[in-house]
Amino acid sequence: MTTVQFPFSDTIAGYVTQFDPASDQFGLKTSDGREFQLALSPMTFAKLAQNLDEPYPDATGSMRSMLVPGRYLFAYGVFYPDSDIFECKQIVFVGRTEKDFVFERPSWWVDQVASLANFYLKAQFGSGEIDYREYRTSLTLSGEKLRDNFRQETDTISRLVYGFATAYLMTGNDRFLEAAEKGTEYLRAHMRFVDLDEGIVYWYHGIDVKGDREQKIFASEFGDDYDAIPAYEQIYALAGPIQTYRITGDPRILSDAELTIKLFDDFFLDKSEYGGYFSHLDPVTLDPRSDSLGNNKGRKNWNSVGDHAPAYLINLWLATGEEKYAKMLEYTFDTIAARFPDYEHSPFVQERFYEDWSHDTTWGWQQNRAVVGHNLKIAWNLMRMNSLMAKDKYVALAEKIAQIMPAVGSDQQRGGWYDVVERLLEPGQKHHRFVWHDRKAWWQQEQSILAYYILTGVLGNSDYLRLAREAAAFYNAWFLDTADGGVYFNVLANGLPYLAGGNERGKGSHSMSGYHSTELCYLAAVYSNLLIHKQPMDFYFKPRPDGFQRDRILRVSPDILPAGSIKIGHCWIDDELYSDFDATALTINLPTSDRALRVKVQIIPV
């Protein structure tokens, strides 16, 4: 390839090595150790990373004094072919000092989740009554509804409900809980089917709203899953209701969860010697081996096995403490550890399989390609599971992924994590080729941040903390839409929003609702505050009079964390101090009441 002979703009992320006031130049070393020389120009401007709903934090006047060795920053500027100096046009600092990271302040993620929840409240319901009849799957960049789109998809409502419930857990804002409860009721009334013959619940793909009428869409109409019942749609139908159940203890939600899990066990579970969960069912016969499924016949994939845990199952165990859910978690993680690694062929896990676990490398768009975020998602969730049921193989696989992935899945010049790449290198190649281009998706940044934060919190490795901070810095510097609200679906490698069209231009779609961005806020705050910086956090619950009726115990652990790492500091019920709790077990014995109780719990690190 010939040397580049034209100027182009790009971003460099790295650590300041030195600054020379006389030449107005400074050195910047990337995450993988390469050093660049950068020059300020008369028009260079600077800012701090800016949270949603924050005023613009200008740093231009002090940027030269802030260029001290060891500070991490993003520099956007121009490479000229006739110079070895990168001309810097914009700097984004991630803290006021070289040891400060704004996103590790105790309230950063709490403030962000409140802004996200308010954005979706306004976009979907305006300032008036919360009525899910008005919900629309597709939202524009600014949060406007596409009026010609009246499809309401079950999964996207459930994911939005998850976001509202999570925002309530973190803020105690009653309007967020109202949105979560009304969304759960809407799902139960319009998207749920109770099969009395089989004793199961399954969830419609969605409904088309036409005035006062609605048409139920049973089988999926999403291209990858057309005319089938995909496991992941049934999995994510539970995400929002179960997060709401953690707050209210509504027994109807628990019943729905139990009957949906029965659907998984009766029909998706492979009861042969191979085990695991099938990815799709025939919508009429509920047969995973039906010829009608085409290339989804007898298949298993990451979603059908791995998504149970983060979407609903960990939260269900946290809310109930029931052994059967711990056993199901163990089964899924043992399956992942046994079947997904493929390191004799590729640095990435295998994600698609035939019934006998032989590799499916010809399926649809994926072929033999890797979704970077799925690798990181495995590492993150293995570390959660290890705190519930410690196994050396969980930690070993999580660390193997964590150590391999930066070189093959991250952008070590600009920061952030890539989307989908070829799993194998062709002869002569040193870099795994992008499947589409070098864009970066919001949800895959989430997986990297949570993976490296929990690895840091549990194992105390300083390299993992560096990687967590670099990932969180990229996300907070480039993904937050501080003008219109919400987060961008994709950015380009340099951090600028990718707004070409379709799903990637909007804030709501089949692929995006309120789930990943709020899950990130919740767990980044939990890991950063409670495990790493040892800062207390407040959480909010509102048990119904019939809530948690099996034992009338409210379980308040925010996530599966190492035993003994946190405890209850204080508890308030209806704003009065309350003492009937087990601090180390993280449980509260609820009093009998004829109304919902407002519970505030302070969780403190040990």
# chains A, B, ... in the order shown; residues from 1 in each chain; ligands from 1
>>> select_by_dssp(residues="range 376-444 of chain A", states="strand (DSSP E)", output="list in words")
Val420, Val421, Glu422, Lys440 and Ala441 of chain A
>>> write_last_selection(atoms="N, CA and C atoms", output="tab-separated table (two decimals), in the first residue's frame")
chain	number	residue	atom	x	y	z
A	420	VAL	N	-18.39	-5.88	14.91
A	420	VAL	CA	-18.32	-7.25	14.40
A	420	VAL	C	-17.10	-7.38	13.50
A	421	VAL	N	-16.30	-8.43	13.75
A	421	VAL	CA	-15.08	-8.65	12.96
A	421	VAL	C	-15.01	-10.10	12.52
A	422	GLU	N	-14.20	-10.35	11.52
A	422	GLU	CA	-13.97	-11.73	11.08
A	422	GLU	C	-13.21	-12.48	12.19
A	440	LYS	N	-18.65	1.79	16.14
A	440	LYS	CA	-18.66	1.24	17.50
A	440	LYS	C	-20.06	1.43	18.07
A	441	ALA	N	-20.65	0.35	18.59
A	441	ALA	CA	-22.03	0.37	19.07
A	441	ALA	C	-22.07	0.64	20.57
>>> residues_around(residues="range 54-70 of chain A", least_positions_apart="2", cutoff="7 Å", atoms="only C-alpha atoms", output="NGL selection string")
:A and (15-19 or 45-48 or 50-52 or 72 or 98)
>>> closest_residue(among="A:Asn490, A:Asn315, A:Thr482, A:Gln350", to="Ala370 in chain A", atoms="only C-alpha atoms")
A:Gln350
>>> residues_around(residues="Arg552 in chain A", least_positions_apart="2", cutoff="7 Å", atoms="only C-alpha atoms", output="number ranges by chain")
A: 548-550, 554, 589-590
>>> residues_around(residues="range 21-34 of chain A", least_positions_apart="4", cutoff="10 Å", atoms="only C-alpha atoms", output="PyMOL selection string")
chain A and resi 12-17+38-42+64-65+67-75+85-88+406-407+411-415+466-467+470
>>> write_last_selection(atoms="N, CA and C atoms", output="short mmCIF file (atom, residue, chain, number, x, y, z; two decimals), in the first residue's frame")
data_model
loop_
_atom_site.label_atom_id
_atom_site.label_comp_id
_atom_site.auth_asym_id
_atom_site.auth_seq_id
_atom_site.Cartn_x
_atom_site.Cartn_y
_atom_site.Cartn_z
N ILE A 12 -6.93 10.71 18.55
CA ILE A 12 -5.93 9.92 19.29
C ILE A 12 -6.33 9.97 20.76
N ALA A 13 -6.40 8.81 21.38
CA ALA A 13 -6.65 8.72 22.82
C ALA A 13 -5.38 8.24 23.48
N GLY A 14 -5.03 8.88 24.57
CA GLY A 14 -3.81 8.42 25.23
C GLY A 14 -3.44 9.24 26.44
N TYR A 15 -2.23 8.98 26.92
CA TYR A 15 -1.72 9.58 28.15
C TYR A 15 -0.63 10.59 27.81
N VAL A 16 -0.75 11.78 28.36
CA VAL A 16 0.24 12.83 28.13
C VAL A 16 1.60 12.37 28.67
N THR A 17 2.62 12.55 27.86
CA THR A 17 3.98 12.22 28.30
C THR A 17 4.79 13.46 28.67
N LEU A 38 1.93 15.97 19.27
CA LEU A 38 0.77 16.78 18.92
C LEU A 38 1.10 18.25 19.11
N ALA A 39 0.51 19.09 18.26
CA ALA A 39 0.71 20.54 18.36
C ALA A 39 -0.64 21.22 18.54
N LEU A 40 -0.68 22.18 19.46
CA LEU A 40 -1.85 23.03 19.60
C LEU A 40 -1.82 24.10 18.53
N SER A 41 -2.98 24.56 18.12
CA SER A 41 -3.06 25.65 17.15
C SER A 41 -3.80 26.82 17.81
N PRO A 42 -3.78 28.00 17.18
CA PRO A 42 -4.49 29.13 17.77
C PRO A 42 -5.99 28.88 17.96
N ARG A 64 -3.62 24.29 28.62
CA ARG A 64 -2.17 24.11 28.64
C ARG A 64 -1.69 23.67 30.02
N SER A 65 -2.26 24.24 31.05
CA SER A 65 -1.86 23.85 32.40
C SER A 65 -2.34 22.45 32.74
N LEU A 67 -2.17 19.90 30.62
CA LEU A 67 -1.41 18.90 29.86
C LEU A 67 -0.21 18.43 30.68
N VAL A 68 -0.51 17.68 31.72
CA VAL A 68 0.52 17.18 32.63
C VAL A 68 0.71 15.69 32.39
N PRO A 69 1.92 15.18 32.63
CA PRO A 69 2.19 13.76 32.38
C PRO A 69 1.23 12.84 33.13
N GLY A 70 0.78 11.80 32.43
CA GLY A 70 -0.10 10.80 33.01
C GLY A 70 -1.57 11.05 32.80
N ARG A 71 -1.93 12.25 32.31
CA ARG A 71 -3.36 12.54 32.12
C ARG A 71 -3.88 11.86 30.86
N TYR A 72 -5.05 11.21 30.98
CA TYR A 72 -5.69 10.57 29.83
C TYR A 72 -6.62 11.57 29.17
N LEU A 73 -6.59 11.62 27.84
CA LEU A 73 -7.44 12.56 27.12
C LEU A 73 -7.69 12.07 25.69
N PHE A 74 -8.62 12.74 25.02
CA PHE A 74 -8.89 12.51 23.61
C PHE A 74 -8.51 13.76 22.83
N ALA A 75 -7.76 13.59 21.75
CA ALA A 75 -7.37 14.71 20.90
C ALA A 75 -7.91 14.46 19.50
N ILE A 85 3.83 15.78 12.83
CA ILE A 85 3.11 16.38 13.96
C ILE A 85 1.62 16.33 13.69
N PHE A 86 0.86 15.84 14.65
CA PHE A 86 -0.61 15.81 14.58
C PHE A 86 -1.12 17.16 15.08
N GLU A 87 -1.84 17.88 14.23
CA GLU A 87 -2.36 19.19 14.61
C GLU A 87 -3.69 19.03 15.36
N CYS A 88 -3.67 19.33 16.62
CA CYS A 88 -4.82 19.09 17.49
C CYS A 88 -5.82 20.23 17.39
N PRO A 406 -8.30 -6.84 24.27
CA PRO A 406 -7.87 -5.50 23.89
C PRO A 406 -7.13 -5.45 22.55
N ALA A 407 -6.26 -6.41 22.29
CA ALA A 407 -5.46 -6.39 21.07
C ALA A 407 -6.28 -6.71 19.82
N ASP A 411 -10.01 -0.47 19.95
CA ASP A 411 -9.30 0.51 19.13
C ASP A 411 -8.26 1.15 20.04
N GLN A 412 -7.02 0.74 19.91
CA GLN A 412 -5.99 1.17 20.83
C GLN A 412 -5.37 2.51 20.45
N GLN A 413 -5.86 3.10 19.39
CA GLN A 413 -5.41 4.45 19.03
C GLN A 413 -6.46 5.49 19.40
N ARG A 414 -7.72 5.19 19.21
CA ARG A 414 -8.77 6.18 19.42
C ARG A 414 -9.59 5.91 20.68
N GLY A 415 -9.48 4.70 21.22
CA GLY A 415 -10.32 4.30 22.33
C GLY A 415 -11.59 3.63 21.85
N ARG A 466 -7.37 0.24 34.41
CA ARG A 466 -7.00 1.13 33.30
C ARG A 466 -7.93 0.91 32.10
N LEU A 467 -8.17 -0.35 31.76
CA LEU A 467 -9.03 -0.66 30.61
C LEU A 467 -10.47 -0.24 30.87
N GLU A 470 -10.55 3.57 30.44
CA GLU A 470 -10.43 3.97 29.04
C GLU A 470 -11.76 3.75 28.31
#
>>> select_by_dssp(residues="range 39-88 of chain A", states="alpha helix (DSSP H)", output="list in words")
Met63, Arg64, Ser65 and Met66 of chain A
>>> closest_residue(among="A:Ala379, A:Leu531, A:Ala493, A:Leu561", to="Phe434 in chain A", atoms="only C-alpha atoms")
A:Ala493
>>> residues_around(residues="Glu273 in chain A", least_positions_apart="4", cutoff="12 Å", atoms="only C-alpha atoms", output="list in words")
Leu269, Glu355, Asp356 and Trp357 of chain A
>>> write_last_selection(atoms="all heavy atoms", output="JSON list (two decimals), in the first residue's frame")
[["chain", "number", "residue", "atom", "x", "y", "z"],
["A", 269, "LEU", "N", -35.11, -26.22, 25.94],
["A", 269, "LEU", "CA", -34.03, -27.01, 26.52],
["A", 269, "LEU", "C", -33.81, -28.30, 25.73],
["A", 269, "LEU", "O", -34.76, -29.04, 25.47],
["A", 269, "LEU", "CB", -34.35, -27.34, 27.98],
["A", 269, "LEU", "CG", -33.30, -28.15, 28.75],
["A", 269, "LEU", "CD1", -32.00, -27.38, 28.90],
["A", 269, "LEU", "CD2", -33.85, -28.55, 30.12],
["A", 355, "GLU", "N", -27.01, -28.60, 16.64],
["A", 355, "GLU", "CA", -27.57, -29.28, 17.82],
["A", 355, "GLU", "C", -26.50, -30.01, 18.63],
["A", 355, "GLU", "O", -26.55, -30.03, 19.87],
["A", 355, "GLU", "CB", -28.65, -30.27, 17.35],
["A", 355, "GLU", "CG", -29.35, -31.02, 18.45],
["A", 355, "GLU", "CD", -30.48, -31.89, 17.93],
["A", 355, "GLU", "OE1", -30.83, -31.78, 16.73],
["A", 355, "GLU", "OE2", -31.02, -32.69, 18.71],
["A", 356, "ASP", "N", -25.52, -30.59, 17.96],
["A", 356, "ASP", "CA", -24.49, -31.38, 18.65],
["A", 356, "ASP", "C", -23.29, -30.53, 19.06],
["A", 356, "ASP", "O", -22.24, -31.07, 19.41],
["A", 356, "ASP", "CB", -24.05, -32.55, 17.78],
["A", 356, "ASP", "CG", -23.38, -32.08, 16.48],
["A", 356, "ASP", "OD1", -23.31, -30.86, 16.24],
["A", 356, "ASP", "OD2", -22.94, -32.96, 15.71],
["A", 357, "TRP", "N", -23.42, -29.23, 19.01],
["A", 357, "TRP", "CA", -22.38, -28.25, 19.37],
["A", 357, "TRP", "C", -21.26, -28.15, 18.34],
["A", 357, "TRP", "O", -20.26, -27.47, 18.59],
["A", 357, "TRP", "CB", -21.80, -28.52, 20.76],
["A", 357, "TRP", "CG", -22.82, -28.32, 21.84],
["A", 357, "TRP", "CD1", -23.43, -29.30, 22.56],
["A", 357, "TRP", "CD2", -23.36, -27.08, 22.30],
["A", 357, "TRP", "NE1", -24.32, -28.75, 23.45],
["A", 357, "TRP", "CE2", -24.29, -27.39, 23.32],
["A", 357, "TRP", "CE3", -23.14, -25.74, 21.99],
["A", 357, "TRP", "CZ2", -25.01, -26.41, 24.02],
["A", 357, "TRP", "CZ3", -23.84, -24.75, 22.67],
["A", 357, "TRP", "CH2", -24.77, -25.09, 23.66]]
